[in-house]
Every structure is written in structure tokens, then in C-alpha cells.
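Chemist: Below you will find the structure I want to go over with you.
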Amino acid sequence: TEPKSSKKVWKNNPVIIVKTLLLKNTEEDIKTAAELLKNGGVEGIPTETVYGLAADALNPEAVKKIFKAKGRPGDNPLIVHICDFSDIERLNLVTKIPDTAKKLADAFWPGPLTMIMKKSDVIPNEVSAGLDTVAIRFPSHKTAQAIIRESGTVLAAPSANISGSPSPTTAQHVMNDMDGKIDAVLDGGASEVGLESTVITLAGDVPRVLRPGGITVEMLESVLGKVEVDDAVLHKLADNVKVASPGMKYKHYAPKADMVIVDGTRKHVIAKINELVASHRDDGKKIAVIATEETKQFYDADVVLSMGSRADEDSIAHELYRILRDCDELDVDVIFSESFSTPRIGQAIMNRMLKAAGHQVIDTHVKYDKIIFVAQTGTCREQMAKGIMNDFVLKVPMEIEARGLVVQFPEPVNQKAEAVLISNGISTEGMVSTQLEESDITESTMVFTMESSQRERIIESFADIDPEQVFVLSQYVGDELEILDPYGGTLQSYGLCYESLRATLKKLVKRLNANT
Ligand code: AMP
Ligand code: MG
């Protein structure tokens, strides 16, 4: 079995070294750093993603020192860092530069993207861990570029942590893991991104993402067209599955404490974490909760750590490893963490967190069984939405309702809306306006309003309803425009309203079906 604590890894991997120099971000120290690398040394260098543990990629003996210092399994290949796209050709690193690589380099280099290509004989087997491919990255960090340039070679550099533990985002983190085991660390300040690069392989027929990062799949697709995402990115693989990227099979990014992620809406996550904290406290454990600025006040654990505001994804990415390392420093026994499926780099963040937690996730999501569409009068958009929705097929059937916020007495559906529905083959039989009541909304109801003011009104009027089960329809499916009220308009404007509702609901159905 794999050793859990980093200390054990170290004991099993005795490395004889020297005093580790702490270098500064000055011209002189950059020269010293480059000189050490030229002479086969191994050292921590800053990059925009995380700190790297660098050695001359073309010198097998130097590369071996990286594996030793990290306690890295020999079958996990290293990324080669260059300081100009032309290095690939000049040093003959690959057999052929694919067109896709040129396109991606134009768009994202220098930056947090690693590309895998077919390697040439110039790349030692130590670097590629016996594979016939090599991973290459051109970092944007000016100091990293300067060190590579000064060294006159290219640098193999995995993250500068002991294998299995969270990646280092400061020179101090590197010192904590590597002091006495490597020649030097150059302090270039905290890493800006805080998560490792996106890894994409261009060695197969279709480009495939092996590790998500700050360069998202959408960004890659905007340049390449279709891009595949490897299964290992978000799922725990069975032991017998052969992985494309050897690194993905190892326990990773893990703090020493046992970590559990709690997923769901805010209210349920907070309740569940507090319940877990209470039960573990009885066992005398030291407990940390990983929360956000918005939620930290709701927890009562020994340590409550904030990843920043949920609205600021970059901050969450940036804080993740620091916080996991803080948990080590504070010697906590158990970590309960909120989950962070944020829109842009959420996949990259969750990929790291799931590995850190060994895929221990508690899902508190409610299984929804009812949808209520809500607008003002209960006679128009909400009824059209209900009619259209019943026309689609949900994998798990849900009850569909329409309600108005202000309904004095039951009225039939608006005549023009009715005309449009009927001309589209949707029956309006039994459609009458009905006032939305608090009792209509159970724990397992999703409420969709047409306008954001309607959502606010529901949340204000019904204090006991969880705001997280009330959505603005357009926002939920990622549309920019709300569904506008056609009231008072021509028959044609009701027709347009129908069409935009239909397009939006199609997305809603797709999303609901994807979740089941
Ligand atoms: P690290 O530098 O520690 O962040 O890890 C580099 C990641 O890139 C690991 O997950 C490696 O397995 C992966 N990697 C490096 N070279 C290759 C390659 N030639 N083919 C597939 N994956 C690679
Ligand atoms: Mg790593």
C-alpha cells in the first residue's frame, strides 16, 4: 500500500545532500540557479502554476535526482520546460510538431498549458518514464524563463512537492518538503495561478485533456474544435484500468488528514458539515472545515479556512494548496470541505480536490421531483413553459406546475398565448391561473421564475424556502437574456416568446437529464 504521510515517503527514500541554498529573485541569483542546473543540480524554481523541481532535462543523471528527492514513482513522466517555442525544433525534442501544437502555442503560450507529442531520442527515458511521448510547457513566469534561458538547456520540472502531497505555491512550501534534499530554491514569490498546468495530448488522433487546469476545455475547443476529456479527470478509476497519463493513477495533492468533500446546495452542505463536525468532535478529533467567505461564519470547527469568495474562482484555485498545506501545519485529523464546481476552472479545482480526498464525497443533493414555473399573473409565460415542458421527455419524470405571483381569481390562459400554444400542437385544456403558495414548494421542488425580480420576491415572501431551489430560468441554463413578458404585444411577439421559451427549456431538459 502507498505510504500516507509524507514523512514516511522521506524515510523510505533516503537522499544524501547538502545544504539547500535559498536564492532570491535577482539577476545574480538567477545566474547561480542556472549554473547549478548546468552542472547537473536539482532545484526549486517559481512558475506561474506551482513551484517546479527542475533539472537539466537532457541529463539523465540530473533527472534521476528529481525522482529521488520527490520520492516519485519511476513510471510517472516529467514535463519539459522551454523558454521559446523554437526550442522544440532547435533542440529536436520531438519527431514532428503537430499543427495542433502550433495553434495552441499561438493561443496559450507562454502559459499554463502542457502539450504531449511524440518524443525524439534526445529526450532521455528517465524524463518520459519509458513512454514514446514527451510533455512540453512554455511557462509565462519571467524568472522561470530567465533561468531556462541562462541554463542553455531545457528543464524537466514536476511540481516541487514530495510525491502525493499538495503542490507548493511558495518557496517556503518547497523548503518544507525539500530542505536538505535539493541544491537550491529560488524564491520568486507566490505562484499566481496556484494549480498545475492543463495537460493535453496531441499524440493521438483526437486531442485529449489528461489533466484539467486554468486553460479550460472550452478554451482549447475554441482553437482546435473537438477535444476529448480523459475519464481519469473526474472519476476514480478501477485498479485494472490503464491510464493515459501515469500520474493520474497515484494518490495526489493529499493533505495528511483524512478529507471528505460535501456536495450539494449551500444550506444542505452547511447542515451536513456541522453534523459531521459534531460527531467527530465526540471522538476527540481535531477538525478543519474548508469554506468560503460567504459561509465561514456558519461553522463551528477547530479550524475554519476560507478559500475566498465563491464568486472569485481565481482566488479559490490560488488558495487550494496553501490551505491543504495549512491543514498539515495545524496537524488536523479530519477535513470537511465544501465542493467547488465553479463555472470556469471548477473542473480543474474539483479534479485536485477529489484526489486530495481520495474521492470521498458525501452528496447531499436533493432528488427533485417537481418543477414550478412562475411569472406574474399565472396566465402566460408560466403556462406556456408548462405546456412546452410536458412536450419534452425527462429521463426521470417530474411533476410540472405553473403559478402566478399575483392571482386575484382563477383566470384562463391569455388568449394570444393560447393561440400560439394550440398552433404548436399543445393543448391548453385545464390551464387556469393559480396563486403560488409556500405550501406548493417542498424540499424537492425546483422553482423557475421568468425574471430575477420574481425570484427575489419569492425569497422575500417565503422565509422558509431555500433560495437555492429558486432559479431564474434563463440564468439556470446559462442564457444571457431573461424570457420577456409579451403582454400587450402582437400575436407575433407571443410567438417569439414561445420560441425563446422552447429553446431555453430544451437546454433545461438537457441539463436535468444530464444530472440523472
Ligand atoms: P507534475 O509535473 O508533477 O505536475 O506532473 C506532470 C503530469 O504530466 C503527470 O500527471 C504526468 O503523468 C503527466 N505527463 C508527463 N509526461 C507525460 C507523457 N509523456 N504522457 C502522459 N502524461 C504525461
Ligand atoms: Mg505534481
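Ordering of the C-alpha cells sets the chain letters (A, B, ...), residue numbers begin anew at 1 in every chain, and ligands are numbered from 1 in the order given.
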Kindly provide, as a list in words, all nucleotide and amino acid residues lying within 8 Å of ligand 2, counting only C-alpha atoms and all ligand atoms.

Modeler: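 If we count only C-alpha atoms and all ligand atoms, the neighbours of ligand 2 turn out to be Pro158, Ser159, Ala160, Asn161, Ser163, Gly164, Pro166, Ser167, Glu196, Gly247, His252 and Tyr253 of chain A.
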
Chemist: Please tabulate, as a tab-separated table, the residues of region 342-425 of chain A that come within 10 Å of region 321-330 of chain A, each with its closest pair of atoms and the distance in Å to one decimal, counting only C-alpha atoms and ordering rows by chain, then residue number upward.

Modeler:
residue	atom	partner	partner_atom	distance
A:Arg352	CA	A:Tyr321	CA	9.2
A:Met353	CA	A:Tyr321	CA	9.5
A:Ala356	CA	A:Leu324	CA	8.6

Chemist: Write out as a list of chain:residue names which residues come within 9 Å of Gly111 (chain A) when counting only C-alpha atoms, dropping same-chain ones fewer than 2 positions away.

Modeler: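 So the residues in contact are A:Glu48, A:Thr49, A:Ala105, A:Phe108, A:Trp109, A:Leu113, A:Thr114, A:Arg137, A:Phe138, A:Pro139, A:Ser140, A:His141, A:Ser197, A:Ile215.
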
Chemist: Looking only at helix (DSSP H, G or I) from DSSP on the backbone, list the matching residues of region 157-380 of chain A as number ranges by chain.

Modeler: A: 171-178, 217-224, 231-233, 246-249, 266-282, 296-298, 313-329, 346-356

Chemist: Can you write just those residues out, C-alpha atoms, as a PDB file, in the first residue's frame?

Modeler:
ATOM      1  CA  ALA A 171       9.302  28.899  -1.811  1.00  0.00           C
ATOM      2  CA  GLN A 172       8.612  28.127   1.853  1.00  0.00           C
ATOM      3  CA  HIS A 173       6.374  25.209   0.845  1.00  0.00           C
ATOM      4  CA  VAL A 174       9.259  23.854  -1.237  1.00  0.00           C
ATOM      5  CA  MET A 175      11.647  24.276   1.689  1.00  0.00           C
ATOM      6  CA  ASN A 176       9.216  22.448   3.981  1.00  0.00           C
ATOM      7  CA  ASP A 177       9.294  19.430   1.665  1.00  0.00           C
ATOM      8  CA  MET A 178      12.782  19.572   0.188  1.00  0.00           C
ATOM      9  CA  VAL A 217     -11.669  22.530 -22.318  1.00  0.00           C
ATOM     10  CA  GLU A 218     -13.837  25.289 -23.813  1.00  0.00           C
ATOM     11  CA  MET A 219     -10.758  27.428 -24.444  1.00  0.00           C
ATOM     12  CA  LEU A 220      -8.975  24.513 -26.104  1.00  0.00           C
ATOM     13  CA  GLU A 221     -12.030  23.738 -28.227  1.00  0.00           C
ATOM     14  CA  SER A 222     -12.224  27.330 -29.388  1.00  0.00           C
ATOM     15  CA  VAL A 223      -8.850  26.738 -31.053  1.00  0.00           C
ATOM     16  CA  LEU A 224      -8.972  23.048 -32.026  1.00  0.00           C
ATOM     17  CA  ASP A 231     -12.067   9.540 -17.953  1.00  0.00           C
ATOM     18  CA  ALA A 232      -9.496   9.790 -15.203  1.00  0.00           C
ATOM     19  CA  VAL A 233     -10.068  13.538 -14.930  1.00  0.00           C
ATOM     20  CA  PRO A 246       0.662   7.673 -15.395  1.00  0.00           C
ATOM     21  CA  GLY A 247       0.416  10.500 -12.879  1.00  0.00           C
ATOM     22  CA  MET A 248      -3.333  10.154 -12.740  1.00  0.00           C
ATOM     23  CA  LYS A 249      -3.296   6.801 -11.028  1.00  0.00           C
ATOM     24  CA  ARG A 266     -25.365  25.646   0.416  1.00  0.00           C
ATOM     25  CA  LYS A 267     -27.984  25.020   3.069  1.00  0.00           C
ATOM     26  CA  HIS A 268     -27.598  21.243   2.925  1.00  0.00           C
ATOM     27  CA  VAL A 269     -23.810  21.393   2.799  1.00  0.00           C
ATOM     28  CA  ILE A 270     -23.615  23.589   5.888  1.00  0.00           C
ATOM     29  CA  ALA A 271     -26.046  21.382   7.802  1.00  0.00           C
ATOM     30  CA  LYS A 272     -24.232  18.191   6.835  1.00  0.00           C
ATOM     31  CA  ILE A 273     -20.757  19.520   7.632  1.00  0.00           C
ATOM     32  CA  ASN A 274     -21.902  20.767  11.027  1.00  0.00           C
ATOM     33  CA  GLU A 275     -23.427  17.379  11.737  1.00  0.00           C
ATOM     34  CA  LEU A 276     -20.142  15.686  10.776  1.00  0.00           C
ATOM     35  CA  VAL A 277     -18.111  18.133  12.857  1.00  0.00           C
ATOM     36  CA  ALA A 278     -20.277  17.433  15.905  1.00  0.00           C
ATOM     37  CA  SER A 279     -19.992  13.669  15.608  1.00  0.00           C
ATOM     38  CA  HIS A 280     -16.207  13.720  15.058  1.00  0.00           C
ATOM     39  CA  ARG A 281     -15.684  16.122  17.906  1.00  0.00           C
ATOM     40  CA  ASP A 282     -17.126  13.488  20.217  1.00  0.00           C
ATOM     41  CA  LYS A 296     -17.234  30.537   7.085  1.00  0.00           C
ATOM     42  CA  GLN A 297     -19.289  32.119   9.864  1.00  0.00           C
ATOM     43  CA  PHE A 298     -21.699  29.174   9.898  1.00  0.00           C
ATOM     44  CA  GLU A 313     -12.688  31.388  -8.929  1.00  0.00           C
ATOM     45  CA  ASP A 314      -9.114  32.514  -9.345  1.00  0.00           C
ATOM     46  CA  SER A 315      -8.826  33.029  -5.626  1.00  0.00           C
ATOM     47  CA  ILE A 316     -10.165  29.539  -4.933  1.00  0.00           C
ATOM     48  CA  ALA A 317      -7.647  27.990  -7.330  1.00  0.00           C
ATOM     49  CA  HIS A 318      -4.919  30.105  -5.818  1.00  0.00           C
ATOM     50  CA  GLU A 319      -5.718  29.215  -2.204  1.00  0.00           C
ATOM     51  CA  LEU A 320      -6.369  25.486  -2.518  1.00  0.00           C
ATOM     52  CA  TYR A 321      -2.868  24.112  -1.984  1.00  0.00           C
ATOM     53  CA  ARG A 322      -1.959  26.688   0.600  1.00  0.00           C
ATOM     54  CA  ILE A 323      -4.982  25.658   2.612  1.00  0.00           C
ATOM     55  CA  LEU A 324      -4.295  21.938   2.281  1.00  0.00           C
ATOM     56  CA  ARG A 325      -0.759  22.616   3.463  1.00  0.00           C
ATOM     57  CA  ASP A 326      -2.045  24.753   6.332  1.00  0.00           C
ATOM     58  CA  CYS A 327      -4.085  21.742   7.423  1.00  0.00           C
ATOM     59  CA  ASP A 328      -0.839  19.760   7.608  1.00  0.00           C
ATOM     60  CA  GLU A 329       0.847  22.506   9.622  1.00  0.00           C
ATOM     61  CA  GLY A 346     -14.236  24.403 -11.352  1.00  0.00           C
ATOM     62  CA  GLN A 347     -13.330  21.202 -13.157  1.00  0.00           C
ATOM     63  CA  ALA A 348      -9.640  21.776 -12.501  1.00  0.00           C
ATOM     64  CA  ILE A 349     -10.274  22.624  -8.860  1.00  0.00           C
ATOM     65  CA  MET A 350     -12.559  19.642  -8.263  1.00  0.00           C
ATOM     66  CA  ASN A 351     -10.119  17.303 -10.011  1.00  0.00           C
ATOM     67  CA  ARG A 352      -7.470  18.230  -7.416  1.00  0.00           C
ATOM     68  CA  MET A 353      -9.892  18.184  -4.514  1.00  0.00           C
ATOM     69  CA  LEU A 354     -11.332  14.786  -5.391  1.00  0.00           C
ATOM     70  CA  LYS A 355      -7.841  13.340  -5.478  1.00  0.00           C
ATOM     71  CA  ALA A 356      -6.903  15.084  -2.249  1.00  0.00           C
TER      72      ALA A 356
END

Chemist: Quick one: distance from CA of Ala311 (chain A) to CA of Pro343 (chain A) in Å, one decimal?

Modeler: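 Atom-to-atom, CA of Ala311 (chain A) to CA of Pro343 (chain A), that is 9.8 Å.
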